[in-house]
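Source file structure.cif; content: mmCIF, C-alpha atoms and all ligand atoms.
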```cif
data_data
#
loop_
_atom_site.label_atom_id
_atom_site.label_comp_id
_atom_site.auth_asym_id
_atom_site.auth_seq_id
_atom_site.Cartn_x
_atom_site.Cartn_y
_atom_site.Cartn_z
CA MET A 11 -9.18 11.13 5.16
CA LYS A 12 -10.50 14.40 3.78
CA LEU A 13 -7.93 16.55 2.02
CA GLU A 14 -8.33 20.09 0.77
CA GLU A 15 -5.88 19.43 -2.02
CA HIS A 16 -6.77 17.37 -5.09
CA PRO A 17 -4.42 15.05 -6.99
CA PRO A 18 -2.23 15.04 -8.94
CA PHE A 19 0.12 15.57 -5.97
CA PRO A 20 3.69 16.64 -6.80
CA TRP A 21 5.08 13.07 -7.10
CA GLN A 22 2.11 12.03 -9.26
CA GLN A 23 2.61 14.58 -12.04
CA SER A 24 4.41 12.28 -14.43
CA MET A 25 1.78 9.51 -14.25
CA TRP A 26 -0.95 12.13 -14.63
CA GLY A 27 0.78 13.45 -17.75
CA THR A 28 0.99 9.95 -19.23
CA LEU A 29 -2.71 9.24 -18.70
CA CYS A 30 -3.79 12.68 -19.87
CA SER A 31 -1.95 12.46 -23.15
CA GLN A 32 -3.36 8.98 -23.78
CA PHE A 33 -6.84 10.31 -23.07
CA GLU A 34 -6.46 13.44 -25.17
CA SER A 35 -5.23 11.43 -28.15
CA GLN A 36 -8.10 8.96 -27.58
CA GLN A 37 -5.69 6.14 -26.91
CA LEU A 38 -6.51 5.40 -23.32
CA ALA A 39 -5.98 1.67 -22.62
CA HIS A 40 -8.99 -0.35 -21.52
CA ALA A 41 -7.41 -1.62 -18.35
CA PHE A 42 -4.68 -0.28 -16.07
CA MET A 43 -2.82 -1.70 -13.13
CA ILE A 44 -1.74 1.14 -10.87
CA SER A 45 0.77 -0.19 -8.36
CA GLY A 46 3.17 1.42 -5.89
CA SER A 47 3.73 1.60 -2.14
CA LEU A 48 0.95 1.96 0.37
CA GLY A 49 0.31 5.62 1.13
CA THR A 50 1.34 7.16 -2.19
CA GLY A 51 -2.25 8.22 -2.94
CA LYS A 52 -3.01 5.81 -5.77
CA LYS A 53 -6.76 5.57 -5.15
CA LEU A 54 -7.25 9.33 -4.76
CA PHE A 55 -5.24 9.80 -7.94
CA VAL A 56 -7.40 7.41 -9.98
CA ARG A 57 -10.65 8.89 -8.64
CA GLU A 58 -9.48 12.35 -9.63
CA PHE A 59 -8.47 11.12 -13.07
CA ALA A 60 -11.93 9.57 -13.53
CA LYS A 61 -13.42 12.93 -12.56
CA PHE A 62 -11.22 14.62 -15.16
CA VAL A 63 -12.37 12.21 -17.90
CA MET A 64 -16.00 13.01 -17.06
CA CYS A 65 -15.47 16.77 -16.64
CA MET A 66 -17.47 18.91 -19.11
CA SER A 67 -14.96 21.78 -19.22
CA PRO A 68 -11.50 20.53 -18.26
CA ASP A 69 -8.89 23.24 -17.88
CA LYS A 70 -5.17 22.73 -18.63
CA GLY A 71 -5.40 18.98 -18.20
CA LEU A 72 -7.31 19.11 -14.90
CA ALA A 73 -10.95 18.66 -13.90
CA CYS A 74 -12.61 22.08 -13.55
CA GLY A 75 -14.20 21.16 -10.22
CA GLU A 76 -17.22 23.34 -10.98
CA CYS A 77 -19.25 21.76 -13.75
CA ARG A 78 -22.29 19.58 -13.06
CA SER A 79 -20.27 16.45 -13.65
CA CYS A 80 -17.47 17.46 -11.25
CA LEU A 81 -19.96 18.44 -8.54
CA PHE A 82 -21.70 15.12 -9.01
CA GLY A 83 -18.42 13.40 -8.28
CA GLU A 84 -17.89 15.43 -5.10
CA GLU A 85 -21.30 14.68 -3.61
CA SER A 86 -22.99 11.38 -4.31
CA GLY A 87 -20.62 9.87 -6.82
CA HIS A 88 -20.87 10.12 -10.58
CA PRO A 89 -23.27 7.63 -12.18
CA ASP A 90 -20.65 6.66 -14.77
CA ILE A 91 -17.92 5.99 -12.21
CA SER A 92 -17.99 2.86 -10.08
CA LEU A 93 -15.65 2.22 -7.15
CA ILE A 94 -15.29 -1.35 -5.92
CA GLU A 95 -13.51 -2.03 -2.63
CA VAL A 96 -13.62 -4.45 0.27
CA GLU A 97 -16.95 -3.89 2.02
CA ASP A 98 -17.11 -3.19 5.75
CA GLY A 99 -16.85 -6.35 7.78
CA SER A 100 -15.61 -8.36 4.79
CA ARG A 101 -12.11 -9.72 4.21
CA ASP A 102 -12.14 -9.79 0.44
CA ILE A 103 -13.73 -8.47 -2.74
CA LYS A 104 -16.44 -10.92 -3.71
CA ILE A 105 -17.75 -12.27 -7.02
CA GLU A 106 -21.10 -10.46 -6.65
CA GLN A 107 -19.22 -7.15 -6.60
CA ILE A 108 -17.36 -8.04 -9.81
CA ARG A 109 -20.60 -9.17 -11.47
CA GLY A 110 -22.09 -5.81 -10.51
CA LEU A 111 -19.08 -4.10 -12.06
CA SER A 112 -19.40 -6.05 -15.35
CA ASN A 113 -23.06 -5.18 -15.45
CA PHE A 114 -22.25 -1.51 -14.82
CA LEU A 115 -19.67 -1.46 -17.63
CA SER A 116 -22.05 -3.08 -20.11
CA GLN A 117 -24.69 -0.35 -19.73
CA THR A 118 -24.66 2.83 -21.79
CA SER A 119 -23.03 5.87 -20.26
CA HIS A 120 -25.49 8.27 -18.60
CA ALA A 121 -23.63 11.34 -19.74
CA GLY A 122 -22.77 9.89 -23.16
CA ARG A 123 -19.05 10.00 -22.44
CA ALA A 124 -17.30 7.03 -20.84
CA LYS A 125 -17.68 4.51 -18.05
CA ILE A 126 -14.94 4.00 -15.51
CA ALA A 127 -14.63 1.27 -12.92
CA ILE A 128 -12.01 1.37 -10.17
CA ILE A 129 -11.06 -1.64 -8.05
CA ALA A 130 -9.19 -0.48 -4.94
CA ASP A 131 -6.91 -3.02 -3.22
CA ALA A 132 -7.45 -5.29 -6.21
CA HIS A 133 -5.20 -7.97 -4.64
CA ARG A 134 -8.02 -8.59 -2.17
CA MET A 135 -10.31 -10.09 -4.82
CA ASN A 136 -10.99 -13.70 -3.92
CA PHE A 137 -10.41 -16.47 -6.45
CA ALA A 138 -13.95 -16.46 -7.85
CA ALA A 139 -13.97 -12.66 -8.12
CA ALA A 140 -10.63 -12.64 -9.98
CA ASN A 141 -11.95 -15.26 -12.40
CA ALA A 142 -15.07 -13.25 -13.07
CA LEU A 143 -12.97 -10.15 -13.70
CA LEU A 144 -10.88 -12.02 -16.23
CA LYS A 145 -13.97 -12.48 -18.43
CA THR A 146 -14.62 -8.73 -18.34
CA LEU A 147 -11.00 -8.04 -19.25
CA GLU A 148 -11.15 -10.44 -22.18
CA GLU A 149 -14.16 -8.72 -23.74
CA PRO A 150 -13.64 -4.98 -23.38
CA THR A 151 -16.40 -2.68 -24.62
CA ALA A 152 -15.79 0.69 -26.26
CA HIS A 153 -15.36 3.74 -24.00
CA THR A 154 -15.09 1.68 -20.82
CA TYR A 155 -11.99 1.88 -18.64
CA LEU A 156 -10.93 -0.26 -15.73
CA PHE A 157 -8.37 0.75 -13.11
CA LEU A 158 -6.96 -1.85 -10.73
CA VAL A 159 -5.19 -0.27 -7.78
CA SER A 160 -2.88 -2.36 -5.62
CA HIS A 161 0.26 -2.18 -3.49
CA LEU A 162 0.65 -5.97 -3.85
CA PRO A 163 0.18 -6.50 -7.61
CA GLY A 164 2.22 -9.73 -7.45
CA SER A 165 -0.66 -11.32 -5.52
CA LEU A 166 -2.94 -10.99 -8.54
CA PRO A 167 -3.13 -13.75 -11.16
CA ALA A 168 -0.68 -13.26 -14.03
CA THR A 169 -3.59 -13.66 -16.47
CA ILE A 170 -5.12 -10.47 -15.05
CA ARG A 171 -1.87 -8.51 -14.83
CA SER A 172 -0.94 -9.32 -18.42
CA ARG A 173 -4.16 -7.72 -19.68
CA CYS A 174 -3.51 -4.40 -17.97
CA GLN A 175 -1.24 -1.55 -18.87
CA LYS A 176 1.07 -1.21 -15.85
CA LEU A 177 1.82 2.12 -14.25
CA PHE A 178 3.94 2.53 -11.14
CA MET A 179 3.32 5.31 -8.62
CA PRO A 180 6.68 6.51 -7.29
CA ILE A 181 7.52 7.44 -3.70
CA PRO A 182 8.51 11.12 -3.50
CA THR A 183 11.95 12.23 -2.37
CA ALA A 184 12.29 13.05 1.34
CA GLU A 185 12.26 16.76 0.53
CA VAL A 186 9.03 16.60 -1.47
CA ALA A 187 7.41 14.28 1.09
CA ILE A 188 8.27 16.45 4.09
CA ASP A 189 7.11 19.58 2.33
CA TRP A 190 3.77 18.01 1.41
CA ILE A 191 3.22 16.39 4.84
CA LYS A 192 3.97 19.70 6.55
CA ARG A 193 1.11 21.38 4.71
CA HIS A 194 -1.35 18.75 5.94
CA LEU A 195 -0.27 18.17 9.54
CA ALA A 196 -1.28 20.12 12.62
CA ASP A 197 1.32 22.73 13.63
CA GLN A 198 2.56 20.91 16.73
CA GLU A 199 3.38 17.72 14.81
CA ASP A 200 6.80 16.97 13.37
CA PRO A 201 6.61 16.41 9.59
CA LYS A 202 10.14 14.98 9.40
CA ALA A 203 9.45 12.28 12.01
CA HIS A 204 6.25 11.30 10.24
CA ALA A 205 7.93 11.21 6.84
CA LEU A 206 10.64 8.96 8.29
CA ALA A 207 8.15 6.61 9.94
CA ALA A 208 6.19 6.32 6.70
CA ARG A 209 9.36 5.96 4.54
CA ASN A 210 8.31 9.10 2.66
CA CYS A 211 4.89 7.76 1.66
CA PRO A 212 2.94 10.96 2.33
CA LEU A 213 -0.60 9.64 2.79
CA LEU A 214 0.64 6.90 5.05
CA ALA A 215 2.35 9.59 7.13
CA LEU A 216 -0.97 11.43 7.53
CA GLU A 217 -2.67 8.20 8.50
CA LEU A 218 0.02 7.51 11.09
CA ALA A 219 -0.53 11.00 12.48
CA GLN A 220 -4.28 10.46 12.74
CA SER A 221 -4.16 6.97 14.23
CA GLY A 222 -1.25 7.36 16.62
CA GLY A 223 0.58 4.85 14.43
CA LEU A 224 3.93 6.57 14.89
CA GLU A 225 3.88 5.88 18.63
CA ASN A 226 2.76 2.29 17.94
CA GLN A 227 5.65 1.73 15.60
CA ILE A 228 8.16 3.02 18.15
CA GLN A 229 6.54 0.90 20.87
CA PHE A 230 6.66 -2.24 18.75
CA LEU A 231 10.26 -1.69 17.72
CA GLN A 232 11.23 -1.44 21.41
CA LYS A 233 9.46 -4.71 22.12
CA LEU A 234 11.10 -6.38 19.14
CA LYS A 235 14.53 -5.33 20.40
CA GLN A 236 13.70 -6.85 23.81
CA LEU A 237 12.50 -10.05 22.13
CA SER A 238 15.68 -10.28 20.07
CA VAL A 239 17.87 -10.24 23.18
CA GLY A 240 15.56 -12.55 25.15
CA LYS A 241 14.22 -9.90 27.53
CA THR A 242 10.55 -10.45 26.77
CA SER A 243 8.43 -13.42 25.75
CA ILE A 244 7.00 -14.29 22.35
CA GLN A 245 3.47 -14.30 23.83
CA ALA A 246 3.85 -10.80 25.27
CA THR A 247 5.16 -9.50 21.94
CA ALA A 248 2.35 -11.23 20.02
CA THR A 249 -0.26 -9.77 22.37
CA LEU A 250 1.11 -6.29 21.75
CA ALA A 251 1.12 -7.01 17.99
CA VAL A 252 -2.56 -8.01 18.00
CA LYS A 253 -3.40 -4.92 20.04
CA LEU A 254 -1.59 -2.61 17.60
CA GLY A 255 -3.09 -4.41 14.57
CA GLU A 256 -1.45 -7.44 12.96
CA GLN A 257 -1.31 -5.95 9.48
CA ALA A 258 0.47 -2.83 10.71
CA VAL A 259 2.89 -4.92 12.76
CA ILE A 260 3.71 -7.18 9.82
CA GLY A 261 4.37 -4.00 7.87
CA TYR A 262 6.88 -2.94 10.58
CA LEU A 263 8.51 -6.40 10.52
CA LEU A 264 8.91 -6.27 6.74
CA GLU A 265 10.45 -2.86 7.07
CA VAL A 266 12.82 -3.80 9.88
CA SER A 267 13.97 -6.87 7.93
CA THR A 268 14.53 -4.82 4.78
CA ILE A 269 16.59 -2.25 6.65
CA LEU A 270 18.69 -4.86 8.48
CA ILE A 271 19.35 -6.77 5.25
CA LYS A 272 20.47 -3.57 3.58
CA TYR A 273 23.00 -2.71 6.30
CA LEU A 274 24.23 -6.29 6.74
CA LEU A 275 24.89 -6.58 3.02
CA THR A 276 26.58 -3.21 2.65
CA ASN A 277 28.36 -3.46 6.01
CA GLN A 278 27.57 0.17 6.71
CA GLN A 279 26.29 1.98 9.78
CA PRO A 280 22.67 3.19 9.74
CA SER A 281 22.07 6.66 8.40
CA GLU A 282 20.80 9.31 10.77
CA SER A 283 17.24 8.73 9.61
CA GLU A 284 17.47 5.05 10.50
CA SER A 285 19.46 5.37 13.72
CA GLU A 286 16.68 3.70 15.72
CA TYR A 287 17.85 0.41 14.17
CA GLN A 288 21.40 0.88 15.46
CA ASP A 289 21.20 -1.45 18.50
CA LEU A 290 19.22 -4.13 16.67
CA LEU A 291 21.84 -4.12 13.94
CA ALA A 292 24.64 -4.30 16.50
CA TRP A 293 22.94 -7.33 18.06
CA PHE A 294 22.70 -9.12 14.72
CA ARG A 295 26.34 -8.32 14.00
CA ARG A 296 27.70 -8.96 17.44
CA ASP A 297 30.41 -11.52 16.78
CA GLY A 298 30.48 -11.56 13.03
CA VAL A 299 30.61 -15.38 12.77
CA ALA A 300 27.33 -15.93 11.00
CA SER A 301 27.07 -12.53 9.41
CA ALA A 302 27.33 -13.96 5.92
CA GLN A 303 24.25 -16.08 6.57
CA MET A 304 22.24 -13.43 8.32
CA PRO A 305 20.90 -11.59 5.24
CA ARG A 306 19.71 -14.89 3.80
CA ARG A 307 17.92 -15.80 7.04
CA LEU A 308 16.32 -12.39 7.17
CA MET A 309 15.15 -12.83 3.59
CA GLN A 310 13.55 -16.13 4.55
CA PHE A 311 11.92 -14.39 7.47
CA TYR A 312 10.66 -11.71 5.08
CA GLY A 313 9.02 -14.43 2.98
CA LEU A 314 7.34 -15.87 6.07
CA ALA A 315 6.02 -12.44 7.03
CA VAL A 316 4.53 -11.96 3.55
CA GLU A 317 2.91 -15.39 3.86
CA ALA A 318 1.48 -14.48 7.30
CA GLN A 319 0.09 -11.29 5.75
CA ARG A 320 -1.69 -13.40 3.10
CA GLN A 321 -3.10 -15.77 5.70
CA LEU A 322 -4.49 -12.88 7.71
CA MET A 323 -6.14 -11.42 4.63
CA SER A 324 -7.59 -14.73 3.45
CA GLY A 325 -11.19 -15.51 4.22
CA SER A 326 -10.33 -18.68 6.15
CA ASN A 327 -10.80 -17.20 9.62
CA PRO A 328 -7.20 -17.30 10.76
CA ASN A 329 -6.24 -16.92 14.41
CA PRO A 330 -4.21 -13.68 14.54
CA GLN A 331 -2.58 -14.37 17.93
CA LEU A 332 -1.38 -17.78 16.70
CA ILE A 333 -0.07 -16.41 13.41
CA MET A 334 1.79 -13.62 15.23
CA GLU A 335 3.25 -16.03 17.79
CA SER A 336 4.52 -18.33 15.07
CA LEU A 337 6.05 -15.44 13.14
CA LEU A 338 7.69 -13.92 16.22
CA TRP A 339 9.04 -17.33 17.21
CA ARG A 340 10.82 -17.37 13.84
CA TRP A 341 12.15 -13.91 14.55
CA SER A 342 13.49 -14.97 17.95
CA GLN A 343 15.17 -17.96 16.27
CA LEU A 344 17.15 -15.69 13.94
CA SER A 345 19.59 -14.78 16.69
CA VAL A 346 19.52 -18.23 18.34
CA LEU A 347 20.56 -19.83 15.06
CA ARG A 348 23.17 -17.20 14.77
CA GLN A 349 24.71 -18.07 18.15
CA ALA A 350 24.80 -21.74 17.19
CA ALA A 351 26.58 -21.07 13.92
ZN ZN B 401 -15.72 19.80 -14.45
#
```

Spit out the file's structure as structure tokens when you get a sec.
Ligand SMILES: [Zn+2]
Amino acid sequence: MKLEEHPPFPWQQSMWGTLCSQFESQQLAHAFMISGSLGTGKKLFVREFAKFVMCMSPDKGLACGECRSCLFGEESGHPDISLIEVEDGSRDIKIEQIRGLSNFLSQTSHAGRAKIAIIADAHRMNFAAANALLKTLEEPTAHTYLFLVSHLPGSLPATIRSRCQKLFMPIPTAEVAIDWIKRHLADQEDPKAHALAARNCPLLALELAQSGGLENQIQFLQKLKQLSVGKTSIQATATLAVKLGEQAVIGYLLEVSTILIKYLLTNQQPSESESEYQDLLAWFRRDGVASAQMPRRLMQFYGLAVEAQRQLMSGSNPNPQLIMESLLWRWSQLSVLRQAA
């Protein structure tokens, strides 16, 4: 995704301020864990901050964008900044990549300033890679900074997390999100609908707009409603899920569960922005007998969905259709169990 606008975006200002003042007082921590929801622009933010640290004439706490160092960053990548992420065709971040990173950090800075390594989607490091990183974290060298970026920080070993300073990227308010999305969407597209679909995570909203994800989400929700009332089969729903992308579909399932749990616990009607969940909620509430148990069952389902997400990301060659079928079977059982109660 190529944006005209550079971070810090409006909802990132406070974190930017924190890092800037640490840097300006020469107290920048050696390692950071930047977490927060998918689509809040964490990686873009960290790359821009790295650019700022390297900038030869920063202006009012921002990279100038014009010096040799800044231009370097725009084109081929700055020689003192290293970005590690899952390589194309690979499921995880591998030990060789982390060894390369340690090697990079141990060399002297080209520009005589600092060295910065960024690990995007850090939760996707495999076991060996995470272990190798731990060694690097235990022996920090002067003027080297490591940024781990992840929307699933809980999946990282506690030994790694405890060695990082933790910063949390917030989700903007609906107003801020819609305003920002509007500036980046084509005129004919509806910023409010995209903000809603992405739960106000602005970069996710842009991605949904580019990939047709909004339509996919609506399509899957329809199918899930049919499955809940027994009007379609588990296989047909799983086939659609694989077609739309298992990871995206598990994301929708986590979201639907979260929303249903919220309304079942508070006993309220969905807000206008979540009215598409109205009939699903009515189905889960329909005779009230098992309603006290329903949130708990949905929470268990949520746990299973997170586990399925891990399996799909693991390097063990999982069968996506099978994983989706098993997960959707559990979903269909939610209302069966409910009838029996
Ligand atoms: Zn500059």

May I have the residues within 12 Å of segment 277-283 of chain A as number ranges by chain, using all atoms listed in the file and disregarding those fewer than 4 positions away in the same chain?
-> A: 184, 202-210, 269-273, 287-292, 294-295, 298, 301-302, 304-305

How would you write, as a PyMOL selection string, the set of residues no farther than 6 Å from ligand ZN 401 (chain B) when counting all atoms listed in the file? chain A and resi 65-68+73-77+79-80

(Q) Excluding Gln331 of chain A and its own-chain neighbours fewer than 2 positions away, which residues fall within 7 Å of it when counting only C-alpha atoms? Please give them as a list in words. (A) Ala248, Thr249, Val252, Asn329, Ile333, Met334 and Glu335 of chain A

Store the residues picked out above in a file with C-alpha atoms, as an mmCIF file, keeping the file's coordinate frame.
```cif
data_model
loop_
_atom_site.group_PDB
_atom_site.id
_atom_site.type_symbol
_atom_site.label_atom_id
_atom_site.label_comp_id
_atom_site.auth_asym_id
_atom_site.auth_seq_id
_atom_site.Cartn_x
_atom_site.Cartn_y
_atom_site.Cartn_z
ATOM 1 C CA ALA A 248 2.350 -11.230 20.020
ATOM 2 C CA THR A 249 -0.260 -9.770 22.370
ATOM 3 C CA VAL A 252 -2.560 -8.010 18.000
ATOM 4 C CA ASN A 329 -6.240 -16.920 14.410
ATOM 5 C CA ILE A 333 -0.070 -16.410 13.410
ATOM 6 C CA MET A 334 1.790 -13.620 15.230
ATOM 7 C CA GLU A 335 3.250 -16.030 17.790
#
```

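Comparing the minimum interatomic distances between Gly27 of chain A and each of A:Arg57, A:Arg320, A:His161, A:Lys70, counting all atoms listed in the file, we find that A:Lys70 sits nearest.
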
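Between atom CA of Ala124 of chain A and atom CA of Val63 of chain A lies a distance of 7.7 Å.
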
Using only C-alpha atoms, the shortest atom-to-atom distance to Leu218 of chain A among A:Leu38, A:Asn141, A:Gly49, A:Val266 belongs to A:Gly49

One decimal place gives the atom CA of Gln319 of chain A-atom CA of Glu256 of chain A separation as 8.3 Å

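By only C-alpha atoms, and with residues fewer than 3 positions from Phe230 of chain A along its chain excluded, the set lying at most 9 Å from it is Glu225, Asn226, Gln227, Lys233, Leu234, Lys235, Thr247, Leu250, Ala251, Leu254, Val259 and Tyr262 of chain A.
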
Shortest contact to Val186 of chain A, candidates A:Glu14, A:Leu111, A:His120, A:Pro20, atoms counted only C-alpha atoms, goes to A:Pro20

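With atom CA of Thr183 of chain A on one side and atom CA of Cys211 of chain A on the other, the separation reads 9.3 Å.
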
Could you give me, as JSON, numbers by chain, the residues within 8 Å of Leu177 of chain A, counting all atoms listed in the file and dropping anything in the same chain fewer than 3 positions from it? {"A": [25, 42, 43, 44, 45]}

* Residues around (-14.1, -4.7, -2.0), cut-off 9 Å, counting all atoms listed in the file - what are they as a ChimeraX atom specification? -> /A:93-98,100-104,107,129-132,134-135

For the residues selected in the previous step, produce a file with C-alpha atoms as a compact mmCIF listing (two decimals), in the frame of the given file.
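Done, and the output landed in again_7.txt:
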```txt
# COMPACT_ATOMS: atom_id res chain seq x y z
CA LEU A 93 -15.65 2.22 -7.15
CA ILE A 94 -15.29 -1.35 -5.92
CA GLU A 95 -13.51 -2.03 -2.63
CA VAL A 96 -13.62 -4.45 0.27
CA GLU A 97 -16.95 -3.89 2.02
CA ASP A 98 -17.11 -3.19 5.75
CA SER A 100 -15.61 -8.36 4.79
CA ARG A 101 -12.11 -9.72 4.21
CA ASP A 102 -12.14 -9.79 0.44
CA ILE A 103 -13.73 -8.47 -2.74
CA LYS A 104 -16.44 -10.92 -3.71
CA GLN A 107 -19.22 -7.15 -6.60
CA ILE A 129 -11.06 -1.64 -8.05
CA ALA A 130 -9.19 -0.48 -4.94
CA ASP A 131 -6.91 -3.02 -3.22
CA ALA A 132 -7.45 -5.29 -6.21
CA ARG A 134 -8.02 -8.59 -2.17
CA MET A 135 -10.31 -10.09 -4.82
```

Residue contacts of Leu216 of chain A (10 Å, all atoms listed in the file) excluding same-chain residues fewer than 3 positions away, as a PyMOL selection string: chain A and resi 11+49+191-192+194-195+201+204-205+208+211-213+219-223

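Among the candidates A:Lys145, A:His40, A:Arg306, A:Lys52, the one nearest to Gln175 of chain A when counting all atoms listed in the file is A:His40.
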
Review point. At most 10 Å from (-4.4, 4.3, -21.4), file frame, all atoms listed in the file: which residues, as a PyMOL selection string?
Key: chain A and resi 28-33+35-42+155-157+174-177

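In this comparison, which uses only C-alpha atoms, the residue of A:Lys125, A:Pro328, A:Lys53, A:Ile108 approaching Leu144 of chain A most closely is A:Ile108.
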
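Between Phe311 of chain A and the candidates A:Ser267, A:Ser336, A:Ser345, A:Gln117, the tightest atom-to-atom separation, counting only C-alpha atoms, involves A:Ser267.
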
Using the incomplete input, complete segment 253-270 of chain A to the level of N, CA and C atoms; output as a PDB file, in the frame of the given file.
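Below is the file that was written, rebuild-v9.pdb:
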```pdb
ATOM      1  N   LYS A 253      -2.806  -6.168  19.553  1.00  0.00           N
ATOM      2  CA  LYS A 253      -3.400  -4.920  20.040  1.00  0.00           C
ATOM      3  C   LYS A 253      -3.134  -3.756  19.059  1.00  0.00           C
ATOM      4  N   LEU A 254      -1.939  -3.716  18.518  1.00  0.00           N
ATOM      5  CA  LEU A 254      -1.590  -2.610  17.600  1.00  0.00           C
ATOM      6  C   LEU A 254      -2.168  -2.845  16.199  1.00  0.00           C
ATOM      7  N   GLY A 255      -2.593  -4.073  15.919  1.00  0.00           N
ATOM      8  CA  GLY A 255      -3.090  -4.410  14.570  1.00  0.00           C
ATOM      9  C   GLY A 255      -2.067  -5.253  13.845  1.00  0.00           C
ATOM     10  N   GLU A 256      -2.431  -6.498  13.532  1.00  0.00           N
ATOM     11  CA  GLU A 256      -1.450  -7.440  12.960  1.00  0.00           C
ATOM     12  C   GLU A 256      -0.892  -6.947  11.635  1.00  0.00           C
ATOM     13  N   GLN A 257      -1.789  -6.387  10.802  1.00  0.00           N
ATOM     14  CA  GLN A 257      -1.310  -5.950   9.480  1.00  0.00           C
ATOM     15  C   GLN A 257      -0.251  -4.857   9.614  1.00  0.00           C
ATOM     16  N   ALA A 258      -0.505  -3.908  10.517  1.00  0.00           N
ATOM     17  CA  ALA A 258       0.470  -2.830  10.710  1.00  0.00           C
ATOM     18  C   ALA A 258       1.776  -3.412  11.226  1.00  0.00           C
ATOM     19  N   VAL A 259       1.684  -4.349  12.171  1.00  0.00           N
ATOM     20  CA  VAL A 259       2.890  -4.920  12.760  1.00  0.00           C
ATOM     21  C   VAL A 259       3.686  -5.711  11.719  1.00  0.00           C
ATOM     22  N   ILE A 260       2.983  -6.456  10.867  1.00  0.00           N
ATOM     23  CA  ILE A 260       3.710  -7.180   9.820  1.00  0.00           C
ATOM     24  C   ILE A 260       4.402  -6.180   8.893  1.00  0.00           C
ATOM     25  N   GLY A 261       3.741  -5.074   8.651  1.00  0.00           N
ATOM     26  CA  GLY A 261       4.370  -4.000   7.870  1.00  0.00           C
ATOM     27  C   GLY A 261       5.673  -3.540   8.545  1.00  0.00           C
ATOM     28  N   TYR A 262       5.651  -3.364   9.881  1.00  0.00           N
ATOM     29  CA  TYR A 262       6.880  -2.940  10.580  1.00  0.00           C
ATOM     30  C   TYR A 262       7.955  -4.019  10.451  1.00  0.00           C
ATOM     31  N   LEU A 263       7.533  -5.303  10.587  1.00  0.00           N
ATOM     32  CA  LEU A 263       8.510  -6.400  10.520  1.00  0.00           C
ATOM     33  C   LEU A 263       9.164  -6.471   9.136  1.00  0.00           C
ATOM     34  N   LEU A 264       8.363  -6.249   8.101  1.00  0.00           N
ATOM     35  CA  LEU A 264       8.910  -6.270   6.740  1.00  0.00           C
ATOM     36  C   LEU A 264       9.933  -5.140   6.590  1.00  0.00           C
ATOM     37  N   GLU A 265       9.586  -4.012   7.183  1.00  0.00           N
ATOM     38  CA  GLU A 265      10.450  -2.860   7.070  1.00  0.00           C
ATOM     39  C   GLU A 265      11.755  -3.063   7.840  1.00  0.00           C
ATOM     40  N   VAL A 266      11.627  -3.561   9.070  1.00  0.00           N
ATOM     41  CA  VAL A 266      12.820  -3.800   9.880  1.00  0.00           C
ATOM     42  C   VAL A 266      13.740  -4.795   9.164  1.00  0.00           C
ATOM     43  N   SER A 267      13.147  -5.871   8.620  1.00  0.00           N
ATOM     44  CA  SER A 267      13.970  -6.870   7.930  1.00  0.00           C
ATOM     45  C   SER A 267      14.696  -6.243   6.742  1.00  0.00           C
ATOM     46  N   THR A 268      13.939  -5.446   5.971  1.00  0.00           N
ATOM     47  CA  THR A 268      14.530  -4.820   4.780  1.00  0.00           C
ATOM     48  C   THR A 268      15.724  -3.934   5.174  1.00  0.00           C
ATOM     49  N   ILE A 269      15.533  -3.174   6.225  1.00  0.00           N
ATOM     50  CA  ILE A 269      16.590  -2.250   6.650  1.00  0.00           C
ATOM     51  C   ILE A 269      17.810  -3.026   7.160  1.00  0.00           C
ATOM     52  N   LEU A 270      17.563  -4.069   7.960  1.00  0.00           N
ATOM     53  CA  LEU A 270      18.690  -4.860   8.480  1.00  0.00           C
ATOM     54  C   LEU A 270      19.448  -5.544   7.343  1.00  0.00           C
TER      55      LEU A 270
END
```
